[in-house]
Structure formats: C-alpha cells, structure tokens
file target16.tsv (TSV, C-alpha atoms)
chain	number	residue	atom	x	y	z
A	1	MET	CA	128.38	-166.23	-195.08
A	2	SER	CA	125.10	-167.05	-193.34
A	3	PHE	CA	124.33	-170.36	-191.69
A	4	PHE	CA	122.00	-171.47	-194.50
A	5	GLU	CA	124.58	-170.65	-197.18
A	6	LEU	CA	127.14	-172.65	-195.24
A	7	LEU	CA	124.66	-175.50	-194.90
A	8	ALA	CA	124.00	-175.47	-198.66
A	9	ASN	CA	127.75	-175.57	-199.41
A	10	THR	CA	128.64	-178.25	-196.84
A	11	PRO	CA	128.28	-181.27	-199.18
A	12	LYS	CA	130.59	-179.63	-201.73
A	13	ILE	CA	133.15	-178.68	-199.09
A	14	PHE	CA	133.29	-182.17	-197.58
A	15	GLY	CA	133.18	-183.73	-201.06
A	16	PHE	CA	136.21	-181.77	-202.25
A	17	LEU	CA	137.99	-182.54	-198.99
A	18	GLY	CA	137.22	-186.24	-199.49
A	19	ILE	CA	138.56	-186.19	-203.06
A	20	PHE	CA	141.71	-184.39	-201.91
A	21	LEU	CA	142.24	-186.88	-199.10
A	22	PHE	CA	141.59	-189.76	-201.51
A	23	LEU	CA	144.41	-188.53	-203.74
A	24	ILE	CA	146.71	-188.25	-200.73
A	25	SER	CA	145.71	-191.79	-199.69
A	26	LEU	CA	146.60	-193.11	-203.15
A	27	ILE	CA	150.00	-191.45	-202.93
A	28	ALA	CA	150.46	-192.83	-199.40
A	29	PHE	CA	149.72	-196.38	-200.60
A	30	ILE	CA	151.94	-196.07	-203.68
A	31	PHE	CA	154.93	-194.84	-201.67
A	32	ASN	CA	154.08	-196.99	-198.61
A	33	PHE	CA	153.90	-194.15	-196.10
A	34	GLY	CA	153.19	-195.03	-192.46
A	35	PHE	CA	150.05	-192.89	-192.20
A	36	LYS	CA	148.25	-194.56	-195.12
A	37	PHE	CA	145.56	-196.24	-193.00
A	38	ARG	CA	144.88	-193.12	-190.93
A	39	ILE	CA	144.45	-190.98	-194.05
A	40	THR	CA	142.15	-193.65	-195.49
A	41	GLY	CA	139.92	-193.36	-192.41
A	42	ALA	CA	139.86	-189.58	-192.71
A	43	THR	CA	138.95	-189.91	-196.40
A	44	ILE	CA	136.05	-192.25	-195.71
A	45	PHE	CA	134.83	-190.06	-192.85
A	46	SER	CA	134.87	-186.88	-194.95
A	47	LEU	CA	132.98	-188.59	-197.79
A	48	LEU	CA	130.46	-189.90	-195.25
A	49	LEU	CA	130.01	-186.36	-193.91
A	50	SER	CA	129.46	-185.12	-197.44
A	51	LEU	CA	126.72	-187.68	-198.10
A	52	SER	CA	125.11	-187.10	-194.69
A	53	SER	CA	124.94	-183.34	-195.11
A	54	TRP	CA	123.52	-183.77	-198.62
A	55	ALA	CA	120.81	-186.11	-197.24
A	56	PHE	CA	120.01	-183.60	-194.49
A	57	ILE	CA	119.58	-180.79	-197.02
A	58	GLN	CA	117.25	-182.98	-199.11
A	59	SER	CA	115.05	-183.77	-196.11
A	60	TYR	CA	115.04	-180.29	-194.54
A	61	THR	CA	111.87	-178.23	-194.91
A	62	ASP	CA	111.15	-174.80	-193.47
A	63	ASN	CA	108.14	-174.22	-191.26
A	64	VAL	CA	105.07	-172.84	-193.01
A	65	LYS	CA	104.04	-169.34	-191.94
A	66	ILE	CA	100.42	-168.31	-192.48
A	67	ASP	CA	99.31	-164.69	-192.12
A	68	GLY	CA	97.23	-164.09	-189.03
A	69	ALA	CA	98.45	-167.19	-187.18
A	70	LYS	CA	99.68	-166.82	-183.62
A	71	TYR	CA	102.16	-168.93	-181.68
A	72	VAL	CA	100.56	-171.52	-179.41
A	73	PRO	CA	102.69	-173.99	-177.45
A	74	ILE	CA	101.89	-177.69	-177.70
A	75	VAL	CA	100.89	-178.97	-174.26
A	76	TYR	CA	99.93	-182.53	-175.21
A	77	ASP	CA	100.92	-184.78	-178.09
A	78	ASN	CA	100.24	-188.49	-177.88
A	79	GLY	CA	102.39	-189.10	-180.96
A	80	PHE	CA	99.57	-190.67	-182.93
A	81	ASP	CA	96.23	-188.92	-183.34
A	82	LEU	CA	95.89	-185.99	-180.90
A	83	ILE	CA	97.71	-182.69	-180.43
A	84	VAL	CA	96.48	-180.10	-177.92
A	85	THR	CA	97.84	-176.56	-177.84
A	86	LYS	CA	97.32	-173.84	-175.26
A	87	ALA	CA	96.06	-170.37	-176.13
A	88	ASP	CA	96.44	-167.51	-173.70
A	89	SER	CA	93.39	-165.66	-172.37
A	90	GLU	CA	93.77	-162.78	-174.87
A	91	PHE	CA	93.92	-165.06	-177.92
A	92	PRO	CA	92.02	-163.33	-180.77
A	93	GLU	CA	89.04	-165.11	-182.31
A	94	GLU	CA	90.17	-164.36	-185.88
A	95	ALA	CA	93.54	-166.07	-185.30
A	96	ILE	CA	92.06	-169.50	-184.51
A	97	GLU	CA	91.58	-170.75	-188.08
A	98	PRO	CA	94.97	-169.57	-189.46
A	99	THR	CA	96.75	-170.95	-186.39
A	100	LEU	CA	95.12	-174.35	-186.84
A	101	LYS	CA	96.03	-174.38	-190.55
A	102	GLN	CA	99.63	-173.44	-189.74
A	103	LEU	CA	99.89	-176.20	-187.13
A	104	SER	CA	98.51	-178.80	-189.54
A	105	GLU	CA	100.81	-177.70	-192.37
A	106	ASN	CA	103.87	-177.94	-190.14
A	107	LEU	CA	103.26	-181.57	-189.22
A	108	LYS	CA	105.73	-183.76	-191.07
A	109	LYS	CA	104.33	-186.25	-193.57
A	110	GLY	CA	105.86	-189.44	-192.18
A	111	SER	CA	105.32	-188.64	-188.54
A	112	ARG	CA	101.86	-190.06	-187.82
A	113	SER	CA	101.67	-193.55	-189.43
A	114	GLY	CA	98.74	-192.91	-191.77
A	115	SER	CA	96.31	-191.77	-189.09
A	116	LYS	CA	93.89	-188.87	-188.84
A	117	VAL	CA	95.28	-186.32	-186.41
A	118	LYS	CA	93.07	-183.96	-184.43
A	119	ILE	CA	94.67	-180.66	-183.55
A	120	LYS	CA	92.89	-178.67	-180.83
A	121	ILE	CA	93.45	-175.22	-179.38
A	122	ARG	CA	92.26	-174.81	-175.82
A	123	LYS	CA	91.92	-171.95	-173.36
A	124	LEU	CA	91.71	-172.21	-169.62
A	125	GLU	CA	88.50	-170.71	-168.29
A	126	LYS	CA	88.66	-169.66	-164.66
A	127	ILE	CA	85.89	-171.13	-162.51
A	128	SER	CA	87.11	-169.95	-159.10
A	129	ASN	CA	90.35	-168.73	-157.54
A	130	ASP	CA	92.29	-171.98	-157.81
A	131	VAL	CA	90.17	-173.90	-160.32
A	132	SER	CA	89.99	-173.57	-164.08
A	133	LYS	CA	88.61	-175.78	-166.81
A	134	PRO	CA	89.87	-176.28	-170.36
A	135	VAL	CA	87.63	-175.02	-173.17
A	136	ILE	CA	88.27	-176.08	-176.76
A	137	ILE	CA	88.12	-172.97	-178.97
A	138	GLY	CA	89.18	-174.57	-182.26
A	139	GLU	CA	89.77	-177.96	-183.81
A	140	ILE	CA	91.00	-179.28	-187.15
A	141	GLU	CA	91.60	-182.77	-188.46
A	142	LYS	CA	94.43	-183.68	-190.80
A	143	SER	CA	94.69	-187.01	-192.57
A	144	PHE	CA	98.02	-188.75	-193.21
A	145	ASN	CA	97.04	-191.32	-195.84
A	146	MET	CA	99.96	-193.44	-196.99
A	147	ASN	CA	99.37	-194.19	-200.67
call {"tool": "encode", "arguments": {"input": "target16.tsv", "output": "structure tokens"}}
result
Amino acid sequence: MSFFELLANTPKIFGFLGIFLFLISLIAFIFNFGFKFRITGATIFSLLLSLSSWAFIQSYTDNVKIDGAKYVPIVYDNGFDLIVTKADSEFPEEAIEPTLKQLSENLKKGSRSGSKVKIKIRKLEKISNDVSKPVIIGEIEKSFNMN
C-alpha cells in the first residue's frame, strides 16, 4: 500500500477504530469496569483523528506541473505581495513563461489576503570578480480577489 492510499484510507481506519472503542466503552460503563474513563478518552481521540485526517484530505492539493517549467528556488517572499526566485546562469529563455505560470498556479488561494502578488525570476549578472547584480528576466502578477 502506497502512502497516498494509506492517507486516503486513514479516516475510515480511525473511524472504525473509534466505533469499535465506543462499543467497548458502552460495555465498560454498563458493567462498571475500572478502565471505562481511559477507554472513553481513547475513543474520543480516535474519532478526533478520523475527523482531522478527513479534513486534511479535503484541503490537500497537489502541486501543478506545467510542461517546460524548471525548478527555481524562492529567495525572497515578503508574505504579502512579492516573491523573488533565483534562476541559475544557464536558465533557458523558453522556460521563463512556463516557470512563472507554474509558480503562480502553486500559490494557495487563501495565502495572500486578497492582494496582487508579483512573482519575479532573477539571474545574477557578474560585474567583476566579487560583484554581481540581480537582473529580472521574467515577471508575472497574480490577483487574489476575495469575492
């Protein structure tokens, strides 16, 4: 079983465990067993795990992959309206647009408070031995309008 199959089955597994423990808790209360409060806690915890894993599955989205896009690490993110990524010196010209589209698609909807986010790709251009300057090679703007 792969990780994603296990993740998809987790709410059912914890749900059935919670139902089973609930039945044991009922029996423990009816016959006044000494472990009745401990089994009640385990029941509540397993049902809580079931609901939490279900909520995680509902909110989980895979990253978007666009053909021709290259990986660029994010070097600056102010958390509101600007993201700067770094391209290496051999970054192909034809990969700029798909990379910018992929970066904008992978931003989560509720993460930027309704602002317009600028995403920039920059290269470092060498001026002398120890000095280089950043050059913006591509830019895109994505709007997060909260309707």
call {"tool": "closest_residue", "arguments": {"input": "target16.tsv", "among": "A:Asp81, A:Lys86, A:Ile24, A:Thr10", "to": "Leu49 in chain A", "atoms": "all atoms listed in the file"}}
result
A:Thr10
call {"tool": "residues_around", "arguments": {"input": "target16.tsv", "residues": "range 92-104 of chain A", "least_positions_apart": "3", "cutoff": "6 Å", "atoms": "all atoms listed in the file", "output": "VMD selection string"}}
result
chain A and resid 66 68 to 70 107
call {"tool": "atom_distance", "arguments": {"input": "target16.tsv", "atom1": "CA of Val84 in chain A", "atom2": "CA of Asp67 in chain A"}}
result
21.1 Å
call {"tool": "residues_around", "arguments": {"input": "target16.tsv", "residues": "Ile119 in chain A", "least_positions_apart": "2", "cutoff": "6 Å", "atoms": "all atoms listed in the file", "output": "PyMOL selection string"}}
result
chain A and resi 83-84+139-140
call {"tool": "residues_around", "arguments": {"input": "target16.tsv", "residues": "Asn63 in chain A", "least_positions_apart": "2", "cutoff": "8 Å", "atoms": "all atoms listed in the file", "output": "JSON, numbers by chain"}}
result
{"A": [61, 65, 106]}
call {"tool": "atom_distance", "arguments": {"input": "target16.tsv", "atom1": "CA of Asp88 in chain A", "atom2": "CA of Leu124 in chain A"}}
result
7.8 Å
call {"tool": "closest_residue", "arguments": {"input": "target16.tsv", "among": "A:Leu21, A:Met1, A:Ile27, A:Ala87", "to": "Ala42 in chain A", "atoms": "only C-alpha atoms"}}
result
A:Leu21
call {"tool": "closest_residue", "arguments": {"input": "target16.tsv", "among": "A:Ser143, A:Ser50, A:Asn9, A:Ser59", "to": "Leu82 in chain A", "atoms": "only C-alpha atoms"}}
result
A:Ser143
call {"tool": "atom_distance", "arguments": {"input": "target16.tsv", "atom1": "CA of Phe31 in chain A", "atom2": "CA of Leu17 in chain A"}}
result
21.1 Å
call {"tool": "closest_residue", "arguments": {"input": "target16.tsv", "among": "A:Val64, A:Ile44, A:Ile137, A:Leu26", "to": "Phe14 in chain A", "atoms": "all atoms listed in the file"}}
result
A:Ile44
call {"tool": "closest_residue", "arguments": {"input": "target16.tsv", "among": "A:Ile57, A:Glu5, A:Lys36, A:Phe144", "to": "Ser115 in chain A", "atoms": "only C-alpha atoms"}}
result
A:Phe144
call {"tool": "closest_residue", "arguments": {"input": "target16.tsv", "among": "A:Val135, A:Gly15, A:Lys123, A:Val75", "to": "Leu48 in chain A", "atoms": "all atoms listed in the file"}}
result
A:Gly15
call {"tool": "residues_around", "arguments": {"input": "target16.tsv", "residues": "Glu125 in chain A", "least_positions_apart": "4", "cutoff": "7 Å", "atoms": "only C-alpha atoms", "output": "list of chain:residue names"}}
result
A:Ser132, A:Lys133, A:Pro134, A:Val135
call {"tool": "decode", "arguments": {"input": "target16.tsv", "residues": "range 33-44 of chain A", "atoms": "all heavy atoms", "output": "mmCIF file, in the first residue's frame"}}
result
data_model
loop_
_atom_site.group_PDB
_atom_site.id
_atom_site.type_symbol
_atom_site.label_atom_id
_atom_site.label_comp_id
_atom_site.auth_asym_id
_atom_site.auth_seq_id
_atom_site.Cartn_x
_atom_site.Cartn_y
_atom_site.Cartn_z
ATOM 1 N N PHE A 33 -16.624 -1.357 34.570
ATOM 2 C CA PHE A 33 -15.223 -1.733 34.588
ATOM 3 C C PHE A 33 -14.371 -0.546 35.023
ATOM 4 O O PHE A 33 -14.758 0.610 34.856
ATOM 5 C CB PHE A 33 -14.754 -2.219 33.208
ATOM 6 C CG PHE A 33 -15.362 -3.532 32.793
ATOM 7 C CD1 PHE A 33 -15.726 -3.751 31.479
ATOM 8 C CD2 PHE A 33 -15.549 -4.559 33.711
ATOM 9 C CE1 PHE A 33 -16.270 -4.952 31.081
ATOM 10 C CE2 PHE A 33 -16.095 -5.764 33.318
ATOM 11 C CZ PHE A 33 -16.464 -5.968 32.009
ATOM 12 N N GLY A 34 -13.183 -0.809 35.539
ATOM 13 C CA GLY A 34 -12.316 0.249 36.049
ATOM 14 C C GLY A 34 -11.660 1.089 34.965
ATOM 15 O O GLY A 34 -11.228 2.204 35.212
ATOM 16 N N PHE A 35 -11.568 0.574 33.753
ATOM 17 C CA PHE A 35 -10.896 1.302 32.679
ATOM 18 C C PHE A 35 -11.872 2.097 31.812
ATOM 19 O O PHE A 35 -11.513 2.561 30.731
ATOM 20 C CB PHE A 35 -10.093 0.329 31.797
ATOM 21 C CG PHE A 35 -10.933 -0.717 31.115
ATOM 22 C CD1 PHE A 35 -11.484 -0.476 29.869
ATOM 23 C CD2 PHE A 35 -11.141 -1.946 31.715
ATOM 24 C CE1 PHE A 35 -12.244 -1.436 29.233
ATOM 25 C CE2 PHE A 35 -11.904 -2.914 31.085
ATOM 26 C CZ PHE A 35 -12.461 -2.665 29.839
ATOM 27 N N LYS A 36 -13.088 2.324 32.295
ATOM 28 C CA LYS A 36 -14.115 2.949 31.457
ATOM 29 C C LYS A 36 -13.759 4.376 31.028
ATOM 30 O O LYS A 36 -14.067 4.780 29.913
ATOM 31 C CB LYS A 36 -15.471 2.921 32.161
ATOM 32 C CG LYS A 36 -15.513 3.639 33.481
ATOM 33 C CD LYS A 36 -16.859 3.434 34.158
ATOM 34 C CE LYS A 36 -16.807 3.991 35.573
ATOM 35 N NZ LYS A 36 -17.992 3.651 36.306
ATOM 36 N N PHE A 37 -13.100 5.141 31.898
ATOM 37 C CA PHE A 37 -12.771 6.519 31.526
ATOM 38 C C PHE A 37 -11.560 6.571 30.587
ATOM 39 O O PHE A 37 -11.474 7.437 29.721
ATOM 40 C CB PHE A 37 -12.540 7.364 32.777
ATOM 41 C CG PHE A 37 -13.782 7.520 33.601
ATOM 42 C CD1 PHE A 37 -13.880 6.943 34.859
ATOM 43 C CD2 PHE A 37 -14.874 8.218 33.113
ATOM 44 C CE1 PHE A 37 -15.032 7.069 35.608
ATOM 45 C CE2 PHE A 37 -16.030 8.363 33.851
ATOM 46 C CZ PHE A 37 -16.109 7.778 35.107
ATOM 47 N N ARG A 38 -10.641 5.636 30.759
ATOM 48 C CA ARG A 38 -9.490 5.590 29.851
ATOM 49 C C ARG A 38 -9.921 5.189 28.445
ATOM 50 O O ARG A 38 -9.448 5.747 27.454
ATOM 51 C CB ARG A 38 -8.442 4.608 30.374
ATOM 52 C CG ARG A 38 -7.631 5.205 31.518
ATOM 53 C CD ARG A 38 -6.690 4.202 32.045
ATOM 54 N NE ARG A 38 -7.450 3.467 33.070
ATOM 55 C CZ ARG A 38 -6.961 2.547 33.853
ATOM 56 N NH1 ARG A 38 -5.708 2.198 33.751
ATOM 57 N NH2 ARG A 38 -7.698 1.966 34.760
ATOM 58 N N ILE A 39 -10.820 4.233 28.341
ATOM 59 C CA ILE A 39 -11.282 3.798 27.019
ATOM 60 C C ILE A 39 -12.143 4.888 26.370
ATOM 61 O O ILE A 39 -12.151 5.035 25.142
ATOM 62 C CB ILE A 39 -12.027 2.441 27.102
ATOM 63 C CG1 ILE A 39 -12.096 1.763 25.729
ATOM 64 C CG2 ILE A 39 -13.404 2.582 27.649
ATOM 65 C CD1 ILE A 39 -10.831 1.150 25.310
ATOM 66 N N THR A 40 -12.821 5.687 27.189
ATOM 67 C CA THR A 40 -13.588 6.810 26.653
ATOM 68 C C THR A 40 -12.648 7.843 26.030
ATOM 69 O O THR A 40 -12.925 8.380 24.953
ATOM 70 C CB THR A 40 -14.438 7.472 27.760
ATOM 71 O OG1 THR A 40 -15.302 6.483 28.318
ATOM 72 C CG2 THR A 40 -15.255 8.615 27.224
ATOM 73 N N GLY A 41 -11.537 8.125 26.689
ATOM 74 C CA GLY A 41 -10.549 9.050 26.134
ATOM 75 C C GLY A 41 -9.962 8.536 24.839
ATOM 76 O O GLY A 41 -9.770 9.302 23.884
ATOM 77 N N ALA A 42 -9.666 7.247 24.785
ATOM 78 C CA ALA A 42 -9.128 6.660 23.554
ATOM 79 C C ALA A 42 -10.157 6.719 22.425
ATOM 80 O O ALA A 42 -9.808 6.952 21.263
ATOM 81 C CB ALA A 42 -8.696 5.225 23.808
ATOM 82 N N THR A 43 -11.427 6.540 22.770
ATOM 83 C CA THR A 43 -12.496 6.622 21.772
ATOM 84 C C THR A 43 -12.584 8.025 21.186
ATOM 85 O O THR A 43 -12.630 8.208 19.964
ATOM 86 C CB THR A 43 -13.848 6.246 22.405
ATOM 87 O OG1 THR A 43 -13.754 4.932 22.943
ATOM 88 C CG2 THR A 43 -14.969 6.325 21.404
ATOM 89 N N ILE A 44 -12.608 9.014 22.060
ATOM 90 C CA ILE A 44 -12.710 10.398 21.596
ATOM 91 C C ILE A 44 -11.486 10.768 20.754
ATOM 92 O O ILE A 44 -11.612 11.421 19.713
ATOM 93 C CB ILE A 44 -12.882 11.346 22.802
ATOM 94 C CG1 ILE A 44 -14.236 11.090 23.461
ATOM 95 C CG2 ILE A 44 -12.739 12.797 22.394
ATOM 96 C CD1 ILE A 44 -14.417 11.777 24.791
#
